Every structure is written in structure tokens, then in C-alpha cells.
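Listing of run-v7.pdb; format and content: PDB, C-alpha atoms.
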ATOM      1  CA  MET Y 209       0.168 -24.629   3.015  1.00  0.00           C
ATOM      2  CA  THR Y 210      -1.569 -21.239   2.805  1.00  0.00           C
ATOM      3  CA  VAL Y 211      -4.829 -20.936   4.730  1.00  0.00           C
ATOM      4  CA  ILE Y 212      -7.430 -18.658   3.093  1.00  0.00           C
ATOM      5  CA  ASP Y 213     -10.129 -17.114   5.320  1.00  0.00           C
ATOM      6  CA  GLU Y 214     -13.821 -16.497   4.508  1.00  0.00           C
ATOM      7  CA  GLN Y 215     -12.994 -13.172   2.836  1.00  0.00           C
ATOM      8  CA  GLY Y 216     -10.357 -14.733   0.573  1.00  0.00           C
ATOM      9  CA  ARG Y 217      -7.378 -13.417   2.531  1.00  0.00           C
ATOM     10  CA  PRO Y 218      -4.239 -15.496   3.009  1.00  0.00           C
ATOM     11  CA  GLU Y 219      -3.573 -15.997   6.708  1.00  0.00           C
ATOM     12  CA  PRO Y 220       0.011 -15.182   7.768  1.00  0.00           C
ATOM     13  CA  PRO Y 221       1.972 -18.337   8.598  1.00  0.00           C
ATOM     14  CA  MET Y 222       1.829 -19.334  12.250  1.00  0.00           C
ATOM     15  CA  GLY Y 223       5.290 -20.887  12.310  1.00  0.00           C
ATOM     16  CA  GLY Y 224       7.105 -19.001   9.583  1.00  0.00           C
ATOM     17  CA  ASP Y 225      10.501 -17.397   9.809  1.00  0.00           C
ATOM     18  CA  GLU Y 226      10.867 -13.617   9.962  1.00  0.00           C
ATOM     19  CA  LEU Y 227      10.619 -13.038   6.216  1.00  0.00           C
ATOM     20  CA  ALA Y 228       7.639 -15.366   5.748  1.00  0.00           C
ATOM     21  CA  THR Y 229       5.852 -13.713   8.670  1.00  0.00           C
ATOM     22  CA  LEU Y 230       6.450 -10.168   7.399  1.00  0.00           C
ATOM     23  CA  LYS Y 231       5.419 -11.073   3.849  1.00  0.00           C
ATOM     24  CA  GLY Y 232       2.424 -12.993   5.190  1.00  0.00           C
ATOM     25  CA  PHE Y 233       1.115 -10.041   7.169  1.00  0.00           C
ATOM     26  CA  LEU Y 234       1.678  -7.640   4.271  1.00  0.00           C
ATOM     27  CA  GLU Y 235      -0.236  -9.929   1.883  1.00  0.00           C
ATOM     28  CA  PHE Y 236      -3.021 -10.327   4.456  1.00  0.00           C
ATOM     29  CA  HIS Y 237      -3.404  -6.555   4.719  1.00  0.00           C
ATOM     30  CA  ARG Y 238      -3.311  -6.091   0.945  1.00  0.00           C
ATOM     31  CA  ALA Y 239      -6.109  -8.663   0.649  1.00  0.00           C
ATOM     32  CA  THR Y 240      -8.042  -6.890   3.418  1.00  0.00           C
ATOM     33  CA  LEU Y 241      -8.011  -3.665   1.408  1.00  0.00           C
ATOM     34  CA  MET Y 242      -9.255  -5.570  -1.661  1.00  0.00           C
ATOM     35  CA  TRP Y 243     -12.073  -7.032   0.423  1.00  0.00           C
ATOM     36  CA  LYS Y 244     -13.069  -3.559   1.639  1.00  0.00           C
ATOM     37  CA  ILE Y 245     -13.307  -2.077  -1.873  1.00  0.00           C
ATOM     38  CA  GLU Y 246     -14.748  -5.092  -3.675  1.00  0.00           C
ATOM     39  CA  GLY Y 247     -17.930  -4.370  -5.597  1.00  0.00           C
ATOM     40  CA  LEU Y 248     -18.058  -0.626  -4.895  1.00  0.00           C
ATOM     41  CA  THR Y 249     -19.089   1.941  -7.502  1.00  0.00           C
ATOM     42  CA  ALA Y 250     -17.246   5.172  -8.279  1.00  0.00           C
ATOM     43  CA  GLU Y 251     -19.756   7.076  -6.148  1.00  0.00           C
ATOM     44  CA  GLN Y 252     -19.195   4.722  -3.222  1.00  0.00           C
ATOM     45  CA  LEU Y 253     -15.402   4.910  -3.593  1.00  0.00           C
ATOM     46  CA  ASN Y 254     -15.724   8.701  -3.297  1.00  0.00           C
ATOM     47  CA  THR Y 255     -17.904   8.590  -0.160  1.00  0.00           C
ATOM     48  CA  THR Y 256     -16.551  10.191   2.998  1.00  0.00           C
ATOM     49  CA  ALA Y 257     -17.440   9.420   6.610  1.00  0.00           C
ATOM     50  CA  ALA Y 258     -17.931  11.947   9.399  1.00  0.00           C
ATOM     51  CA  LYS Y 259     -15.899  15.141   8.890  1.00  0.00           C
ATOM     52  CA  SER Y 260     -13.011  13.417   7.156  1.00  0.00           C
ATOM     53  CA  THR Y 261     -12.260  13.959   3.468  1.00  0.00           C
ATOM     54  CA  MET Y 262     -10.797  10.445   3.263  1.00  0.00           C
ATOM     55  CA  THR Y 263     -12.377   8.130   0.688  1.00  0.00           C
ATOM     56  CA  LEU Y 264     -11.771   4.500  -0.195  1.00  0.00           C
ATOM     57  CA  GLY Y 265     -10.819   5.560  -3.716  1.00  0.00           C
ATOM     58  CA  GLY Y 266      -8.265   8.008  -2.352  1.00  0.00           C
ATOM     59  CA  MET Y 267      -6.962   5.319  -0.040  1.00  0.00           C
ATOM     60  CA  VAL Y 268      -6.490   2.867  -2.913  1.00  0.00           C
ATOM     61  CA  LYS Y 269      -4.578   5.464  -4.951  1.00  0.00           C
ATOM     62  CA  HIS Y 270      -2.532   6.494  -1.910  1.00  0.00           C
ATOM     63  CA  LEU Y 271      -1.560   2.890  -1.202  1.00  0.00           C
ATOM     64  CA  ALA Y 272      -0.590   2.423  -4.854  1.00  0.00           C
ATOM     65  CA  TYR Y 273       1.707   5.414  -4.421  1.00  0.00           C
ATOM     66  CA  VAL Y 274       3.106   4.079  -1.135  1.00  0.00           C
ATOM     67  CA  GLU Y 275       3.839   0.652  -2.662  1.00  0.00           C
ATOM     68  CA  GLN Y 276       5.935   2.102  -5.496  1.00  0.00           C
ATOM     69  CA  GLN Y 277       7.489   4.798  -3.328  1.00  0.00           C
ATOM     70  CA  TRP Y 278       8.902   2.419  -0.714  1.00  0.00           C
ATOM     71  CA  PHE Y 279       9.791  -0.589  -2.848  1.00  0.00           C
ATOM     72  CA  ARG Y 280      10.835   1.089  -6.108  1.00  0.00           C
ATOM     73  CA  VAL Y 281      12.000   4.580  -5.179  1.00  0.00           C
ATOM     74  CA  VAL Y 282      13.387   4.168  -1.651  1.00  0.00           C
ATOM     75  CA  LEU Y 283      14.549   0.533  -1.663  1.00  0.00           C
ATOM     76  CA  HIS Y 284      16.077   0.542  -5.167  1.00  0.00           C
ATOM     77  CA  ASP Y 285      16.634   4.297  -5.699  1.00  0.00           C
ATOM     78  CA  ARG Y 286      14.746   4.297  -8.982  1.00  0.00           C
ATOM     79  CA  GLU Y 287      12.697   7.070 -10.502  1.00  0.00           C
ATOM     80  CA  PRO Y 288       8.971   6.951  -9.756  1.00  0.00           C
ATOM     81  CA  LEU Y 289       6.626   5.631 -12.418  1.00  0.00           C
ATOM     82  CA  GLU Y 290       3.629   7.441 -13.860  1.00  0.00           C
ATOM     83  CA  PRO Y 291       1.329   8.817 -12.727  1.00  0.00           C
ATOM     84  CA  TRP Y 292       3.596   9.728  -9.806  1.00  0.00           C
ATOM     85  CA  ALA Y 293       6.590  10.954 -11.810  1.00  0.00           C
ATOM     86  CA  SER Y 294       4.785  13.991 -13.229  1.00  0.00           C
ATOM     87  CA  VAL Y 295       2.985  15.071 -10.047  1.00  0.00           C
ATOM     88  CA  ASP Y 296       3.951  18.435  -8.591  1.00  0.00           C
ATOM     89  CA  TRP Y 297       3.962  17.273  -4.969  1.00  0.00           C
ATOM     90  CA  LYS Y 298       4.919  20.747  -3.707  1.00  0.00           C
ATOM     91  CA  THR Y 299       1.716  22.183  -5.162  1.00  0.00           C
ATOM     92  CA  ASP Y 300      -0.531  19.340  -3.970  1.00  0.00           C
ATOM     93  CA  ASN Y 301       0.959  17.087  -1.297  1.00  0.00           C
ATOM     94  CA  ASP Y 302      -2.309  15.107  -1.213  1.00  0.00           C
ATOM     95  CA  TRP Y 303      -2.595  14.590  -4.972  1.00  0.00           C
ATOM     96  CA  ASP Y 304      -2.897  10.826  -4.601  1.00  0.00           C
ATOM     97  CA  TRP Y 305      -5.869  11.206  -2.253  1.00  0.00           C
ATOM     98  CA  CYS Y 306      -7.591  14.059  -4.109  1.00  0.00           C
ATOM     99  CA  SER Y 307      -7.156  12.943  -7.720  1.00  0.00           C
ATOM    100  CA  ALA Y 308      -8.773   9.547  -7.127  1.00  0.00           C
ATOM    101  CA  ALA Y 309     -12.212  11.089  -7.657  1.00  0.00           C
ATOM    102  CA  ASP Y 310     -11.263  11.492 -11.339  1.00  0.00           C
ATOM    103  CA  ASP Y 311     -10.562   7.752 -11.743  1.00  0.00           C
ATOM    104  CA  THR Y 312     -12.970   4.875 -12.303  1.00  0.00           C
ATOM    105  CA  PRO Y 313     -13.049   1.958  -9.867  1.00  0.00           C
ATOM    106  CA  GLU Y 314     -11.379  -0.159 -12.557  1.00  0.00           C
ATOM    107  CA  GLN Y 315      -8.584   2.390 -13.030  1.00  0.00           C
ATOM    108  CA  LEU Y 316      -7.978   2.615  -9.274  1.00  0.00           C
ATOM    109  CA  ARG Y 317      -7.866  -1.156  -8.802  1.00  0.00           C
ATOM    110  CA  ALA Y 318      -5.593  -1.603 -11.830  1.00  0.00           C
ATOM    111  CA  LEU Y 319      -3.214   1.137 -10.615  1.00  0.00           C
ATOM    112  CA  TRP Y 320      -3.049  -0.408  -7.149  1.00  0.00           C
ATOM    113  CA  LEU Y 321      -2.653  -3.979  -8.435  1.00  0.00           C
ATOM    114  CA  ARG Y 322       0.185  -2.897 -10.772  1.00  0.00           C
ATOM    115  CA  ALA Y 323       1.898  -1.174  -7.855  1.00  0.00           C
ATOM    116  CA  VAL Y 324       1.515  -4.263  -5.643  1.00  0.00           C
ATOM    117  CA  ASP Y 325       2.847  -6.495  -8.418  1.00  0.00           C
ATOM    118  CA  GLY Y 326       5.814  -4.165  -8.911  1.00  0.00           C
ATOM    119  CA  ALA Y 327       6.479  -4.090  -5.168  1.00  0.00           C
ATOM    120  CA  ARG Y 328       6.481  -7.884  -5.010  1.00  0.00           C
ATOM    121  CA  LYS Y 329       9.019  -8.019  -7.854  1.00  0.00           C
ATOM    122  CA  ASP Y 330      11.144  -5.318  -6.223  1.00  0.00           C
ATOM    123  CA  LEU Y 331      11.144  -7.294  -2.967  1.00  0.00           C
ATOM    124  CA  ILE Y 332      12.243 -10.483  -4.741  1.00  0.00           C
ATOM    125  CA  GLU Y 333      15.029  -8.558  -6.466  1.00  0.00           C
ATOM    126  CA  ALA Y 334      16.235  -7.076  -3.180  1.00  0.00           C
ATOM    127  CA  LEU Y 335      16.208 -10.470  -1.462  1.00  0.00           C
ATOM    128  CA  ARG Y 336      18.420 -11.888  -4.219  1.00  0.00           C
ATOM    129  CA  ARG Y 337      21.103  -9.390  -3.285  1.00  0.00           C
ATOM    130  CA  GLY Y 338      20.808  -9.445   0.502  1.00  0.00           C
ATOM    131  CA  ASP Y 339      18.795 -10.110   3.632  1.00  0.00           C
ATOM    132  CA  LEU Y 340      16.297  -8.044   5.628  1.00  0.00           C
ATOM    133  CA  SER Y 341      19.113  -5.982   7.167  1.00  0.00           C
ATOM    134  CA  GLN Y 342      20.177  -4.481   3.845  1.00  0.00           C
ATOM    135  CA  PRO Y 343      19.822  -0.709   3.724  1.00  0.00           C
ATOM    136  CA  ALA Y 344      17.676   1.007   1.137  1.00  0.00           C
ATOM    137  CA  LYS Y 345      19.668   2.427  -1.765  1.00  0.00           C
ATOM    138  CA  ARG Y 346      17.990   5.842  -1.664  1.00  0.00           C
ATOM    139  CA  ALA Y 347      20.118   8.635  -0.187  1.00  0.00           C
ATOM    140  CA  PRO Y 348      19.918   8.865   3.608  1.00  0.00           C
ATOM    141  CA  TRP Y 349      17.230  10.896   5.310  1.00  0.00           C
ATOM    142  CA  ARG Y 350      18.169  14.381   6.465  1.00  0.00           C
ATOM    143  CA  ASP Y 351      19.260  13.000   9.835  1.00  0.00           C
ATOM    144  CA  GLY Y 352      21.555  10.444   8.174  1.00  0.00           C
ATOM    145  CA  ARG Y 353      19.434   7.364   8.850  1.00  0.00           C
ATOM    146  CA  VAL Y 354      18.701   4.807   6.120  1.00  0.00           C
ATOM    147  CA  PRO Y 355      15.810   2.355   6.519  1.00  0.00           C
ATOM    148  CA  SER Y 356      16.504  -1.349   6.158  1.00  0.00           C
ATOM    149  CA  LEU Y 357      14.389  -3.712   4.097  1.00  0.00           C
ATOM    150  CA  ARG Y 358      13.064  -5.074   7.413  1.00  0.00           C
ATOM    151  CA  TRP Y 359      11.957  -1.548   8.396  1.00  0.00           C
ATOM    152  CA  ILE Y 360      10.286  -0.993   4.992  1.00  0.00           C
ATOM    153  CA  LEU Y 361       8.299  -4.244   5.242  1.00  0.00           C
ATOM    154  CA  THR Y 362       7.245  -3.454   8.808  1.00  0.00           C
ATOM    155  CA  HIS Y 363       6.295   0.092   7.823  1.00  0.00           C
ATOM    156  CA  MET Y 364       4.171  -1.210   4.938  1.00  0.00           C
ATOM    157  CA  ILE Y 365       2.313  -3.547   7.315  1.00  0.00           C
ATOM    158  CA  GLU Y 366       1.689  -0.574   9.619  1.00  0.00           C
ATOM    159  CA  GLU Y 367       0.546   1.590   6.690  1.00  0.00           C
ATOM    160  CA  TYR Y 368      -1.990  -1.000   5.551  1.00  0.00           C
ATOM    161  CA  ALA Y 369      -3.160  -1.806   9.084  1.00  0.00           C
ATOM    162  CA  ARG Y 370      -3.853   1.865   9.799  1.00  0.00           C
ATOM    163  CA  HIS Y 371      -5.662   2.462   6.518  1.00  0.00           C
ATOM    164  CA  ASN Y 372      -7.594  -0.799   6.735  1.00  0.00           C
ATOM    165  CA  GLY Y 373      -9.001   0.511  10.022  1.00  0.00           C
ATOM    166  CA  HIS Y 374     -10.132   3.622   8.169  1.00  0.00           C
ATOM    167  CA  ALA Y 375     -11.519   1.413   5.389  1.00  0.00           C
ATOM    168  CA  ASP Y 376     -13.623  -0.516   7.930  1.00  0.00           C
ATOM    169  CA  LEU Y 377     -15.322   2.674   9.073  1.00  0.00           C
ATOM    170  CA  ILE Y 378     -15.881   4.083   5.591  1.00  0.00           C
ATOM    171  CA  ARG Y 379     -17.212   0.787   4.192  1.00  0.00           C
ATOM    172  CA  GLU Y 380     -19.629   0.448   7.107  1.00  0.00           C
ATOM    173  CA  ALA Y 381     -20.872   3.992   6.442  1.00  0.00           C
ATOM    174  CA  ILE Y 382     -21.406   3.115   2.754  1.00  0.00           C
ATOM    175  CA  ASP Y 383     -23.361  -0.113   2.961  1.00  0.00           C
ATOM    176  CA  GLY Y 384     -23.213  -1.466   6.487  1.00  0.00           C
ATOM    177  CA  GLN Y 385     -20.581  -4.114   5.721  1.00  0.00           C
ATOM    178  CA  THR Y 386     -18.565  -4.794   8.837  1.00  0.00           C
ATOM    179  CA  GLY Y 387     -15.637  -7.036   9.549  1.00  0.00           C
ATOM    180  CA  GLU Y 388     -12.165  -7.031  10.960  1.00  0.00           C
TER     181      GLU Y 388
END

Let me see whether you can do it: turn the structure in this file into C-alpha cells.
Amino acid sequence: MTVIDEQGRPEPPMGGDELATLKGFLEFHRATLMWKIEGLTAEQLNTTAAKSTMTLGGMVKHLAYVEQQWFRVVLHDREPLEPWASVDWKTDNDWDWCSAADDTPEQLRALWLRAVDGARKDLIEALRRGDLSQPAKRAPWRDGRVPSLRWILTHMIEEYARHNGHADLIREAIDGQTGE
């Protein structure tokens, strides 16, 4: 049975196996990001805090990119989808962060939700062919290492946890909402 907290987030299972625990924490962090952006306007999604240029809108677009990059491109060695496929990353390595100001809140949420949905499907597909130890299909890194599916899931939890901390600070600066 899935326990849902006051913010609508699914709690990770307390007694789950490794896969259930990893998936549970990833879903919890995805729901945390949704909670942090819920109800914000375009102006609020483009608000910065302190000296940082980081915005919640940029974070949403960045995490959409990260979802498809790790689960589609790295895990399955597939070409990136649009809008990522046509980006000149050498010219603007922060395009995902910077271009979010041109998108509406609805466009940002839809882009992120599509990426999350695709990542979930890519994970299911990978698990049909192997376990958490399976290596990603993308060519090895320059040093010869290849991340496993276990590493990718753990990295995604870390990515969301780090950015959800940023989201806490930015959301509090916007409207005073605090929380985990």
C-alpha cells in the first residue's frame, strides 16, 4: 500500500526491496518538485534568489532534460528527443536553464511530465531485459567506465534531492512557502 503525505507525495516503501526503494525515493523526489512549483506563475517561475541565476522554471526544464538524457540517451543509447535534439550544447551549455524563461508554466510542466513518463517507460523496458546491475548501452565514458542501471537510479535521486533543496530556498523567497 502506498502512503501519500500531506503534500501528495508517495512515501518510499519502508520494507521494500532494492528496486522498490530506489523507485520509491525517485518518485518521492519527483513529487516534491511538483509540490514546489505548484500554482506558480511565469513570473514566479523566473524568480531568482540571492546572487544565483537559478530559477524554478529553469530547474523544471533542466530536470526534464536530465530525465530523458539518463533514461533514454544513456541507458538505451537512443537519440535525444526535441527540444534537446536540436540544441547546440557547445554554444550554450546551460540552454535548458536559460531558455525556460521563454516557456509558459504549462509548457514547462508538460515538458517535464512527458520526460518523467518517458523515463518511467524506459525503466520498465530496461528491467524487462535485466536487473539493476545491467550496464547502460551508451558508449563508455572517456575513462572506460559504464554506469549501471542502479547507478543511474541513484544518481537521479541525488539530482532531484540536490535541486529540491534549491527549490525550497527559491520557493520560500517567492511566497514564503516552506517545507522539507

Contacts of range 342-351 of chain Y within 6 Å, all atoms listed in the file, excl. fewer than 5 positions in-chain, as a CSV table (one decimal) with C-alpha atoms, keeping the file's coordinate frame:
chain,number,residue,atom,x,y,z
Y,282,VAL,CA,13.4,4.2,-1.7
Y,283,LEU,CA,14.5,0.5,-1.7
Y,284,HIS,CA,16.1,0.5,-5.2
Y,285,ASP,CA,16.6,4.3,-5.7
Y,356,SER,CA,16.5,-1.3,6.2
Y,357,LEU,CA,14.4,-3.7,4.1

Next on the checklist: As a check of understanding, name the residues that the PyMOL selection byres ((chain Y and resi 385-388) around 9) selects in the supplied structure, as a ChimeraX atom specification.
Outcome noted: /Y:240,244,372-373,376-377,379-384

Store the residues picked out above, limited to C-alpha atoms, as a PDB file, keeping the file's coordinate frame.
ATOM      1  CA  THR Y 240      -8.042  -6.890   3.418  1.00  0.00           C
ATOM      2  CA  LYS Y 244     -13.069  -3.559   1.639  1.00  0.00           C
ATOM      3  CA  ASN Y 372      -7.594  -0.799   6.735  1.00  0.00           C
ATOM      4  CA  GLY Y 373      -9.001   0.511  10.022  1.00  0.00           C
ATOM      5  CA  ASP Y 376     -13.623  -0.516   7.930  1.00  0.00           C
ATOM      6  CA  LEU Y 377     -15.322   2.674   9.073  1.00  0.00           C
ATOM      7  CA  ARG Y 379     -17.212   0.787   4.192  1.00  0.00           C
ATOM      8  CA  GLU Y 380     -19.629   0.448   7.107  1.00  0.00           C
ATOM      9  CA  ALA Y 381     -20.872   3.992   6.442  1.00  0.00           C
ATOM     10  CA  ILE Y 382     -21.406   3.115   2.754  1.00  0.00           C
ATOM     11  CA  ASP Y 383     -23.361  -0.113   2.961  1.00  0.00           C
ATOM     12  CA  GLY Y 384     -23.213  -1.466   6.487  1.00  0.00           C
TER      13      GLY Y 384
END

Next on the checklist: Rounded to one decimal, what separation in Å do you get between CA of Arg370 in chain Y and CA of Glu226 in chain Y?
Outcome noted: 21.4 Å

Checklist entry - Looking at all atoms listed in the file, which of Y:Pro313, Y:Gly247, Y:Gly223, Y:Pro288 is the one that sits closest to Lys269 in chain Y? => result Y:Pro313

Next on the checklist: List as a list of chain:residue names the protein and nucleic acid residues near Lys329 in chain Y, meaning an atom at most 12 Å away when all atoms listed in the file are counted, but skip any in the same chain fewer than 3 places from it.
Outcome noted: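 Returned residues: Y:Glu275, Y:Gln276, Y:Phe279, Y:Arg280, Y:Leu283, Y:His284, Y:Arg322, Y:Ala323, Y:Val324, Y:Asp325, Y:Gly326, Y:Ile332, Y:Glu333, Y:Ala334, Y:Leu335, Y:Arg336.
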
Would you mind completing range 360-371 of chain Y so that it carries all heavy atoms, and writing it out as a short mmCIF file (atom, residue, chain, number, x, y, z; two decimals), in the frame of the given file?
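Output contents, as saved in part.cif:
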data_model
loop_
_atom_site.label_atom_id
_atom_site.label_comp_id
_atom_site.auth_asym_id
_atom_site.auth_seq_id
_atom_site.Cartn_x
_atom_site.Cartn_y
_atom_site.Cartn_z
N ILE Y 360 11.24 -1.30 6.06
CA ILE Y 360 10.29 -0.99 4.99
C ILE Y 360 9.11 -1.97 5.04
O ILE Y 360 7.94 -1.55 4.95
CB ILE Y 360 10.99 -1.00 3.62
CG1 ILE Y 360 11.93 0.21 3.52
CG2 ILE Y 360 9.96 -0.99 2.48
CD1 ILE Y 360 12.86 0.18 2.32
N LEU Y 361 9.38 -3.26 5.16
CA LEU Y 361 8.30 -4.24 5.24
C LEU Y 361 7.41 -3.99 6.46
O LEU Y 361 6.18 -4.03 6.36
CB LEU Y 361 8.86 -5.66 5.30
CG LEU Y 361 9.31 -6.25 3.97
CD1 LEU Y 361 10.13 -7.51 4.19
CD2 LEU Y 361 8.12 -6.53 3.06
N THR Y 362 8.02 -3.72 7.59
CA THR Y 362 7.24 -3.45 8.81
C THR Y 362 6.42 -2.18 8.65
O THR Y 362 5.25 -2.13 9.03
CB THR Y 362 8.17 -3.37 10.03
OG1 THR Y 362 8.94 -4.58 10.12
CG2 THR Y 362 7.39 -3.16 11.30
N HIS Y 363 7.02 -1.16 8.06
CA HIS Y 363 6.30 0.09 7.82
C HIS Y 363 5.10 -0.14 6.89
O HIS Y 363 4.02 0.42 7.11
CB HIS Y 363 7.22 1.15 7.23
CG HIS Y 363 6.49 2.40 6.85
ND1 HIS Y 363 5.92 3.24 7.78
CD2 HIS Y 363 6.19 2.91 5.64
CE1 HIS Y 363 5.32 4.24 7.15
NE2 HIS Y 363 5.47 4.06 5.85
N MET Y 364 5.27 -0.94 5.86
CA MET Y 364 4.17 -1.21 4.94
C MET Y 364 3.03 -1.95 5.64
O MET Y 364 1.86 -1.68 5.37
CB MET Y 364 4.67 -2.00 3.72
CG MET Y 364 5.52 -1.19 2.78
SD MET Y 364 4.65 0.23 2.06
CE MET Y 364 3.38 -0.61 1.12
N ILE Y 365 3.35 -2.86 6.53
CA ILE Y 365 2.31 -3.55 7.32
C ILE Y 365 1.57 -2.52 8.16
O ILE Y 365 0.33 -2.51 8.21
CB ILE Y 365 2.93 -4.66 8.19
CG1 ILE Y 365 3.48 -5.77 7.30
CG2 ILE Y 365 1.90 -5.20 9.19
CD1 ILE Y 365 4.41 -6.73 8.02
N GLU Y 366 2.31 -1.63 8.79
CA GLU Y 366 1.69 -0.57 9.62
C GLU Y 366 0.82 0.33 8.77
O GLU Y 366 -0.29 0.71 9.16
CB GLU Y 366 2.80 0.22 10.31
CG GLU Y 366 2.32 1.37 11.16
CD GLU Y 366 2.20 2.69 10.41
OE1 GLU Y 366 2.92 2.88 9.40
OE2 GLU Y 366 1.37 3.52 10.82
N GLU Y 367 1.29 0.70 7.59
CA GLU Y 367 0.55 1.59 6.69
C GLU Y 367 -0.79 0.96 6.30
O GLU Y 367 -1.84 1.59 6.37
CB GLU Y 367 1.39 1.87 5.44
CG GLU Y 367 0.78 2.83 4.48
CD GLU Y 367 1.05 4.29 4.80
OE1 GLU Y 367 1.89 4.60 5.64
OE2 GLU Y 367 0.37 5.14 4.18
N TYR Y 368 -0.75 -0.31 5.91
CA TYR Y 368 -1.99 -1.00 5.55
C TYR Y 368 -2.90 -1.20 6.76
O TYR Y 368 -4.11 -1.02 6.66
CB TYR Y 368 -1.69 -2.36 4.90
CG TYR Y 368 -1.53 -2.27 3.41
CD1 TYR Y 368 -0.26 -2.19 2.84
CD2 TYR Y 368 -2.63 -2.26 2.56
CE1 TYR Y 368 -0.10 -2.11 1.46
CE2 TYR Y 368 -2.48 -2.18 1.19
CZ TYR Y 368 -1.22 -2.11 0.64
OH TYR Y 368 -1.06 -2.02 -0.72
N ALA Y 369 -2.34 -1.57 7.90
CA ALA Y 369 -3.16 -1.81 9.08
C ALA Y 369 -3.91 -0.54 9.47
O ALA Y 369 -5.11 -0.58 9.77
CB ALA Y 369 -2.29 -2.30 10.24
N ARG Y 370 -3.23 0.59 9.45
CA ARG Y 370 -3.85 1.86 9.80
C ARG Y 370 -4.96 2.20 8.80
O ARG Y 370 -6.09 2.53 9.19
CB ARG Y 370 -2.78 2.95 9.81
CG ARG Y 370 -3.25 4.29 10.27
CD ARG Y 370 -2.06 5.20 10.59
NE ARG Y 370 -1.01 5.16 9.60
CZ ARG Y 370 -0.88 6.05 8.61
NH1 ARG Y 370 -1.74 7.03 8.50
NH2 ARG Y 370 0.12 5.95 7.76
N HIS Y 371 -4.66 2.11 7.52
CA HIS Y 371 -5.66 2.46 6.52
C HIS Y 371 -6.79 1.44 6.42
O HIS Y 371 -7.92 1.80 6.10
CB HIS Y 371 -5.01 2.70 5.17
CG HIS Y 371 -4.24 3.98 5.13
ND1 HIS Y 371 -4.75 5.18 5.58
CD2 HIS Y 371 -2.99 4.26 4.70
CE1 HIS Y 371 -3.86 6.14 5.43
NE2 HIS Y 371 -2.76 5.59 4.90
#
